[in-house]
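The next block is entry_33.cif, given as mmCIF, C-alpha atoms.
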data_coords
#
loop_
_atom_site.label_atom_id
_atom_site.label_comp_id
_atom_site.auth_asym_id
_atom_site.auth_seq_id
_atom_site.Cartn_x
_atom_site.Cartn_y
_atom_site.Cartn_z
CA MET A 1 120.08 109.98 117.76
CA ASP A 2 117.94 112.92 118.88
CA ALA A 3 114.19 113.21 119.36
CA TRP A 4 113.55 114.93 116.04
CA THR A 5 115.40 112.25 114.06
CA LEU A 6 113.36 109.51 115.71
CA ILE A 7 110.09 111.38 115.13
CA ARG A 8 110.94 111.95 111.47
CA ASP A 9 112.04 108.37 110.89
CA SER A 10 108.94 106.95 112.61
CA PHE A 11 106.68 108.61 110.03
CA ALA A 12 108.95 108.33 106.99
CA PRO A 13 108.25 109.17 104.28
CA LEU A 14 106.76 112.37 105.74
CA PRO A 15 105.50 114.19 102.61
CA GLY A 16 101.72 114.09 102.56
CA LYS A 17 101.38 112.37 105.95
CA ARG A 18 98.62 113.76 108.17
CA ILE A 19 100.30 114.33 111.54
CA LEU A 20 98.62 115.49 114.75
CA ASP A 21 100.85 117.48 117.11
CA ILE A 22 99.26 117.00 120.56
CA GLY A 23 100.30 119.79 122.93
CA CYS A 24 101.88 121.76 120.10
CA GLY A 25 102.81 124.83 122.17
CA PRO A 26 104.11 127.70 120.02
CA GLY A 27 104.64 125.47 117.00
CA ALA A 28 108.35 124.58 116.97
CA LEU A 29 107.77 120.90 116.14
CA ALA A 30 104.94 121.72 113.74
CA ARG A 31 107.34 123.97 111.83
CA ARG A 32 109.82 121.14 111.34
CA LEU A 33 107.12 118.68 110.35
CA VAL A 34 105.66 121.07 107.77
CA ASP A 35 109.12 121.79 106.38
CA ALA A 36 109.57 118.03 105.96
CA GLY A 37 106.36 117.84 103.92
CA ALA A 38 103.76 116.74 106.45
CA ALA A 39 100.20 118.06 106.66
CA VAL A 40 100.11 119.15 110.30
CA THR A 41 97.29 119.80 112.72
CA GLY A 42 98.23 121.04 116.19
CA ILE A 43 96.18 121.20 119.37
CA ASP A 44 96.86 122.96 122.63
CA PRO A 45 94.68 124.29 125.44
CA GLY A 46 96.67 127.55 125.65
CA GLY A 47 95.39 130.49 123.63
CA ALA A 48 98.68 132.38 123.68
CA ALA A 49 100.59 129.32 122.49
CA LEU A 50 98.13 128.75 119.66
CA ALA A 51 98.39 132.37 118.55
CA ARG A 52 102.17 132.05 118.31
CA ALA A 53 101.88 128.71 116.51
CA ARG A 54 99.56 130.21 113.88
CA GLU A 55 102.07 132.98 113.26
CA THR A 56 105.03 130.58 113.18
CA VAL A 57 103.40 127.94 110.97
CA PRO A 58 100.65 129.51 108.85
CA GLU A 59 100.60 126.40 106.64
CA ALA A 60 99.37 124.23 109.51
CA ARG A 61 95.98 124.00 111.20
CA PHE A 62 95.69 124.71 114.92
CA GLU A 63 92.78 124.16 117.26
CA SER A 64 92.09 124.65 120.94
CA ALA A 65 91.65 121.25 122.60
CA THR A 66 92.99 119.05 125.35
CA GLY A 67 94.72 115.71 124.92
CA GLU A 68 91.89 113.93 126.72
CA ALA A 69 89.19 115.29 124.36
CA LEU A 70 90.43 115.58 120.80
CA THR A 71 88.00 117.34 118.48
CA PHE A 72 88.51 115.01 115.51
CA PRO A 73 86.73 111.96 114.07
CA ASP A 74 88.10 108.45 114.31
CA ALA A 75 91.00 107.42 112.07
CA GLY A 76 91.72 110.90 110.78
CA PHE A 77 95.52 110.95 111.08
CA ASP A 78 98.43 108.88 109.84
CA GLY A 79 100.49 109.69 112.93
CA ALA A 80 100.55 111.69 116.15
CA VAL A 81 103.23 113.16 118.39
CA MET A 82 103.28 114.14 122.05
CA LEU A 83 106.52 116.06 122.54
CA ASN A 84 107.12 116.85 126.24
CA ALA A 85 103.34 117.01 126.59
CA LEU A 86 101.95 113.86 128.21
CA HIS A 87 103.07 114.75 131.74
CA HIS A 88 101.19 118.05 131.46
CA VAL A 89 97.89 116.24 130.82
CA PRO A 90 95.79 115.70 133.97
CA ASP A 91 94.65 112.27 132.70
CA PRO A 92 97.48 110.78 130.61
CA ALA A 93 95.67 107.45 130.17
CA ALA A 94 92.73 109.23 128.54
CA ALA A 95 95.10 111.16 126.27
CA LEU A 96 96.72 107.94 125.08
CA ALA A 97 93.30 106.43 124.37
CA GLU A 98 92.23 109.49 122.40
CA ALA A 99 95.42 109.42 120.35
CA ALA A 100 94.76 105.79 119.45
CA ARG A 101 91.20 106.65 118.41
CA VAL A 102 92.21 109.28 115.85
CA LEU A 103 94.94 107.17 114.19
CA VAL A 104 94.39 105.13 111.06
CA PRO A 105 95.12 101.38 111.28
CA GLY A 106 98.89 101.07 111.31
CA GLY A 107 99.32 104.69 112.41
CA ARG A 108 101.89 105.52 115.04
CA LEU A 109 102.08 107.69 118.13
CA VAL A 110 105.48 109.01 119.19
CA VAL A 111 105.64 110.03 122.84
CA VAL A 112 108.71 111.99 123.96
CA GLU A 113 108.81 112.47 127.72
CA PRO A 114 111.42 113.93 130.08
CA LEU A 115 112.41 111.62 132.91
CA ALA A 116 112.64 112.75 136.53
CA GLU A 117 116.44 112.71 136.43
CA GLY A 118 119.39 114.58 134.94
CA SER A 119 121.00 117.93 135.65
CA PHE A 120 118.27 119.92 133.87
CA PHE A 121 115.66 118.29 136.08
CA ASP A 122 117.76 119.07 139.18
CA ALA A 123 117.97 122.74 138.17
CA LEU A 124 114.24 122.92 137.41
CA ARG A 125 113.08 121.16 140.55
CA PRO A 126 113.07 124.23 142.89
CA ILE A 127 110.90 126.02 140.32
CA GLU A 128 108.53 123.14 139.64
CA ASP A 129 108.97 119.62 140.93
CA GLU A 130 107.59 117.38 138.19
CA THR A 131 108.61 114.10 139.82
CA ALA A 132 105.03 112.88 140.28
CA VAL A 133 103.59 113.96 136.93
CA ARG A 134 106.54 112.56 134.98
CA ALA A 135 106.16 109.24 136.79
CA ALA A 136 102.42 109.25 136.07
CA ALA A 137 103.07 109.69 132.35
CA GLN A 138 105.43 106.70 132.30
CA ALA A 139 102.94 104.64 134.31
CA ALA A 140 100.16 105.44 131.83
CA ILE A 141 102.32 104.26 128.94
CA ALA A 142 103.27 101.08 130.80
CA ASP A 143 99.62 100.38 131.59
CA ALA A 144 98.54 100.91 127.97
CA LEU A 145 101.19 98.43 126.87
CA ALA A 146 100.20 95.92 129.56
CA ARG A 147 96.56 96.12 128.44
CA ARG A 148 97.68 95.75 124.83
CA ALA A 149 96.04 99.00 123.85
CA TYR A 150 99.32 99.70 122.07
CA ALA A 151 102.27 97.72 120.79
CA CYS A 152 105.67 99.28 121.40
CA ARG A 153 107.76 99.57 118.24
CA ARG A 154 110.66 101.42 119.85
CA ASP A 155 111.63 102.42 123.39
CA VAL A 156 114.81 104.47 123.61
CA THR A 157 116.28 107.06 125.94
CA VAL A 158 118.32 109.94 124.58
CA GLU A 159 119.95 112.94 126.22
CA ARG A 160 118.92 116.48 125.36
CA ARG A 161 121.85 118.80 126.03
CA GLU A 162 121.25 122.50 126.45
CA HIS A 163 123.70 125.34 126.97
CA PHE A 164 123.06 128.63 128.73
CA GLU A 165 125.11 131.81 128.94
CA SER A 166 123.85 132.52 132.44
CA LEU A 167 121.28 131.73 135.10
CA ASP A 168 119.01 134.37 133.59
CA ALA A 169 119.13 132.60 130.22
CA PHE A 170 118.04 129.36 131.89
CA LEU A 171 115.22 131.15 133.72
CA ALA A 172 114.03 132.76 130.50
CA ARG A 173 113.96 129.33 128.87
CA VAL A 174 111.85 127.65 131.57
CA SER A 175 109.56 130.67 131.89
CA ALA A 176 108.84 130.60 128.16
CA VAL A 177 107.58 127.02 128.53
CA ASP A 178 105.25 128.04 131.37
CA PRO A 179 104.84 131.76 132.17
CA ALA A 180 103.19 130.81 135.48
CA ARG A 181 106.66 129.90 136.76
CA ALA A 182 107.67 133.58 136.85
CA ALA A 183 106.21 134.18 140.31
CA THR A 184 108.04 131.18 141.80
CA ILE A 185 111.29 132.31 140.18
CA ARG A 186 110.89 135.75 141.70
CA ASP A 187 110.07 134.42 145.17
CA ARG A 188 112.68 131.63 145.29
CA ARG A 189 115.52 133.05 143.22
CA PRO A 190 118.35 132.40 145.74
CA VAL A 191 117.36 128.73 146.13
CA ILE A 192 116.95 128.35 142.37
CA ALA A 193 120.32 129.97 141.69
CA GLU A 194 122.03 127.59 144.12
CA ALA A 195 120.42 124.55 142.48
CA PHE A 196 121.33 125.78 138.99
CA HIS A 197 124.99 126.34 139.79
CA LYS A 198 125.21 123.01 141.58
CA ALA A 199 123.64 121.10 138.68
CA ALA A 200 125.18 122.84 135.67
CA ALA A 201 128.55 121.87 134.23
CA ARG A 202 130.76 124.83 133.39
CA GLU A 203 132.06 124.32 129.89
CA ALA A 204 135.26 125.44 128.19
CA ASP A 205 133.51 128.36 126.48
CA GLY A 206 132.13 129.60 129.80
CA ARG A 207 128.58 128.49 129.22
CA PHE A 208 126.57 126.28 131.57
CA GLY A 209 125.53 122.84 130.32
CA LEU A 210 122.49 120.89 131.47
CA VAL A 211 121.34 117.42 130.41
CA GLN A 212 117.77 116.10 130.34
CA PRO A 213 117.18 112.40 129.58
CA LEU A 214 114.18 111.89 127.30
CA ARG A 215 112.40 108.56 126.98
CA ILE A 216 110.86 108.04 123.55
CA HIS A 217 108.16 105.48 122.84
CA VAL A 218 107.02 104.71 119.31
CA LEU A 219 103.60 103.16 119.81
CA GLU A 220 101.12 101.52 117.44
CA PRO A 221 97.52 100.94 118.51
CA GLU A 222 96.57 97.29 118.67
CA ALA A 223 93.61 96.20 116.57
CA ALA A 224 90.43 95.96 118.62
#
As structure tokens, what does this structure read like?
Amino acid sequence: MDAWTLIRDSFAPLPGKRILDIGCGPGALARRLVDAGAAVTGIDPGGAALARARETVPEARFESATGEALTFPDAGFDGAVMLNALHHVPDPAAALAEAARVLVPGGRLVVVEPLAEGSFFDALRPIEDETAVRAAAQAAIADALARRAYACRRDVTVERREHFESLDAFLARVSAVDPARAATIRDRRPVIAEAFHKAAAREADGRFGLVQPLRIHVLEPEAA
């Protein structure tokens, strides 16, 4: 099972469902959700990402907002998704609370988070060490469950496998996620190259393979 399959199945049937994409980035997930029939609203604090999302998914609605301060009334969505987004939020606990607020009773939040392990993480670490922020995201989820703010309907870990023709292809990929990484890549390229070649598995077709474990929680807000 991959992350998309679990997201799709968590909201099935998707046609007509009002789905909030929290931290939508350039709109890749929103595109798949719309194609599956959902009515999608995406939020992101990045203006450039929102501009790309609007071009990529003109059928969806996109707004500038942060996960901690959603600009929507209570109970306005049937479901919400945070795809590789929670660890980027300065206050993940507040983002989880806001997601619960905007969901209808029985609505679900799917949180897909990379863990601080795997060969992809090892290759990324010299560029940006996300050990602390990834741990903070998992801690916020655990705390929300302990406080019974949410009930956990599923908790699974899957592996995302990516293949790269070269080091430069990998660097282009991680720079696209966060353009601010470009300066670090330029300044630390020899160290980054060493980490990449140590972490990546050389495959039969000559490409480099990297694996990132993703932990996926399907959460349902508990009734107050």
| task | Do a neighbour search on Gly25 of chain A at 7 Å with all atoms listed in the file, toss out local chain neighbours closer than 3 positions, and write the hits as a VMD selection string. | result | chain A and resid 44 49 to 50 53
| query | By how many Å are atom CA of Asp178 of chain A and atom CA of Ile22 of chain A apart? | reply | 16.6 Å
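Shortest separation to Leu29 of chain A among A:Ala93, A:Val112, A:Ala69, A:Ala204 occurs at residue A:Val112, atoms counted being only C-alpha atoms.
Residues matched by the PyMOL selection byres ((chain A and resi 116) around 6) in this file: Leu115, Glu117 and Thr131 of chain A.
The smallest atom-to-atom distance between Val89 of chain A and any of A:Pro15, A:Gly67, A:Pro190, A:Pro114, using only C-alpha atoms, is found for A:Gly67.
Residues matched by the PyMOL selection byres ((chain A and resi 181) around 12) in this structure: Leu124, Arg125, Pro126, Ile127, Glu128, Asp129, Leu171, Ala172, Arg173, Val174, Ser175, Ala176, Val177, Asp178, Pro179, Ala180, Ala182, Ala183, Thr184, Ile185, Arg186, Asp187, Arg188, Arg189 and Ile192 of chain A.
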Selection from above, C-alpha atoms, as a compact mmCIF listing (two decimals), keeping the file's coordinate frame, can you write it?
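Contents of again.txt, freshly written:
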# COMPACT_ATOMS: atom_id res chain seq x y z
CA LEU A 124 114.24 122.92 137.41
CA ARG A 125 113.08 121.16 140.55
CA PRO A 126 113.07 124.23 142.89
CA ILE A 127 110.90 126.02 140.32
CA GLU A 128 108.53 123.14 139.64
CA ASP A 129 108.97 119.62 140.93
CA LEU A 171 115.22 131.15 133.72
CA ALA A 172 114.03 132.76 130.50
CA ARG A 173 113.96 129.33 128.87
CA VAL A 174 111.85 127.65 131.57
CA SER A 175 109.56 130.67 131.89
CA ALA A 176 108.84 130.60 128.16
CA VAL A 177 107.58 127.02 128.53
CA ASP A 178 105.25 128.04 131.37
CA PRO A 179 104.84 131.76 132.17
CA ALA A 180 103.19 130.81 135.48
CA ALA A 182 107.67 133.58 136.85
CA ALA A 183 106.21 134.18 140.31
CA THR A 184 108.04 131.18 141.80
CA ILE A 185 111.29 132.31 140.18
CA ARG A 186 110.89 135.75 141.70
CA ASP A 187 110.07 134.42 145.17
CA ARG A 188 112.68 131.63 145.29
CA ARG A 189 115.52 133.05 143.22
CA ILE A 192 116.95 128.35 142.37
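Once the PyMOL selection byres ((chain A and resi 47) around 12) is applied to the shown structure, the selection contains Gly23, Cys24, Gly25, Pro26, Ile43, Asp44, Pro45, Gly46, Ala48, Ala49, Leu50, Ala51, Arg52, Ala53, Arg54, Phe62, Glu63, Ser64, Ala65 and Thr66 of chain A.
Atom pair atom CA of Ala28 of chain A / atom CA of Arg8 of chain A: separated by 14.0 Å.
Among the candidates A:Ala123, A:Met82, A:Ile216, A:Ala132, the one nearest to Glu194 of chain A when counting only C-alpha atoms is A:Ala123.
For the pair atom CA of Ile19 of chain A and atom CA of Ala94 of chain A, the interatomic distance is 19.3 Å.
Take the candidates A:Ala85, A:Ile7, A:Ala12, A:Val191 and check each one against Arg32 of chain A using all atoms listed in the file; the shortest distance goes to A:Ile7.
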Would you tabulate, counting only C-alpha atoms, all residues of segment 24-113 of chain A that have an atom at most 12 Å from an atom of segment 145-155 of chain A, showing the closest pair of atoms and their distance in Å to one decimal, sorted by chain then ascending number, as a tab-separated table?
residue	atom	partner	partner_atom	distance
A:Ala93	CA	A:Ala149	CA	10.6
A:Ala94	CA	A:Ala149	CA	11.7
A:Leu96	CA	A:Ala149	CA	9.0
A:Ala97	CA	A:Ala149	CA	7.9
A:Glu98	CA	A:Ala149	CA	11.3
A:Ala99	CA	A:Tyr150	CA	10.6
A:Ala100	CA	A:Tyr150	CA	8.0
A:Arg101	CA	A:Ala149	CA	10.6
A:Leu103	CA	A:Tyr150	CA	11.7
A:Pro105	CA	A:Tyr150	CA	11.7
A:Gly106	CA	A:Ala151	CA	10.6
A:Gly107	CA	A:Tyr150	CA	10.9
A:Arg108	CA	A:Arg153	CA	8.9
A:Leu109	CA	A:Tyr150	CA	9.3
A:Val110	CA	A:Arg154	CA	9.2
A:Val111	CA	A:Asp155	CA	9.7
A:Val112	CA	A:Asp155	CA	10.0
A:Glu113	CA	A:Asp155	CA	11.3
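Distances to Leu14 of chain A were evaluated for A:Phe196, A:Ala169, A:Asp35, A:Ala139 using only C-alpha atoms, and the minimum falls at A:Asp35.
The closest residue to Phe77 of chain A, picked from A:Ala201, A:Val211, A:Val57, A:Val104 and counting all atoms listed in the file, is A:Val104.
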Please, what is the axis-aligned box for every listed atom of segment 200-213 of chain A with 3 Å on each side, as centre and edge lengths in Å to one decimal, as AutoDock Vina command-line options?
--center_x 126.2 --center_y 121.0 --center_z 131.1 --size_x 24.1 --size_y 23.2 --size_z 15.2
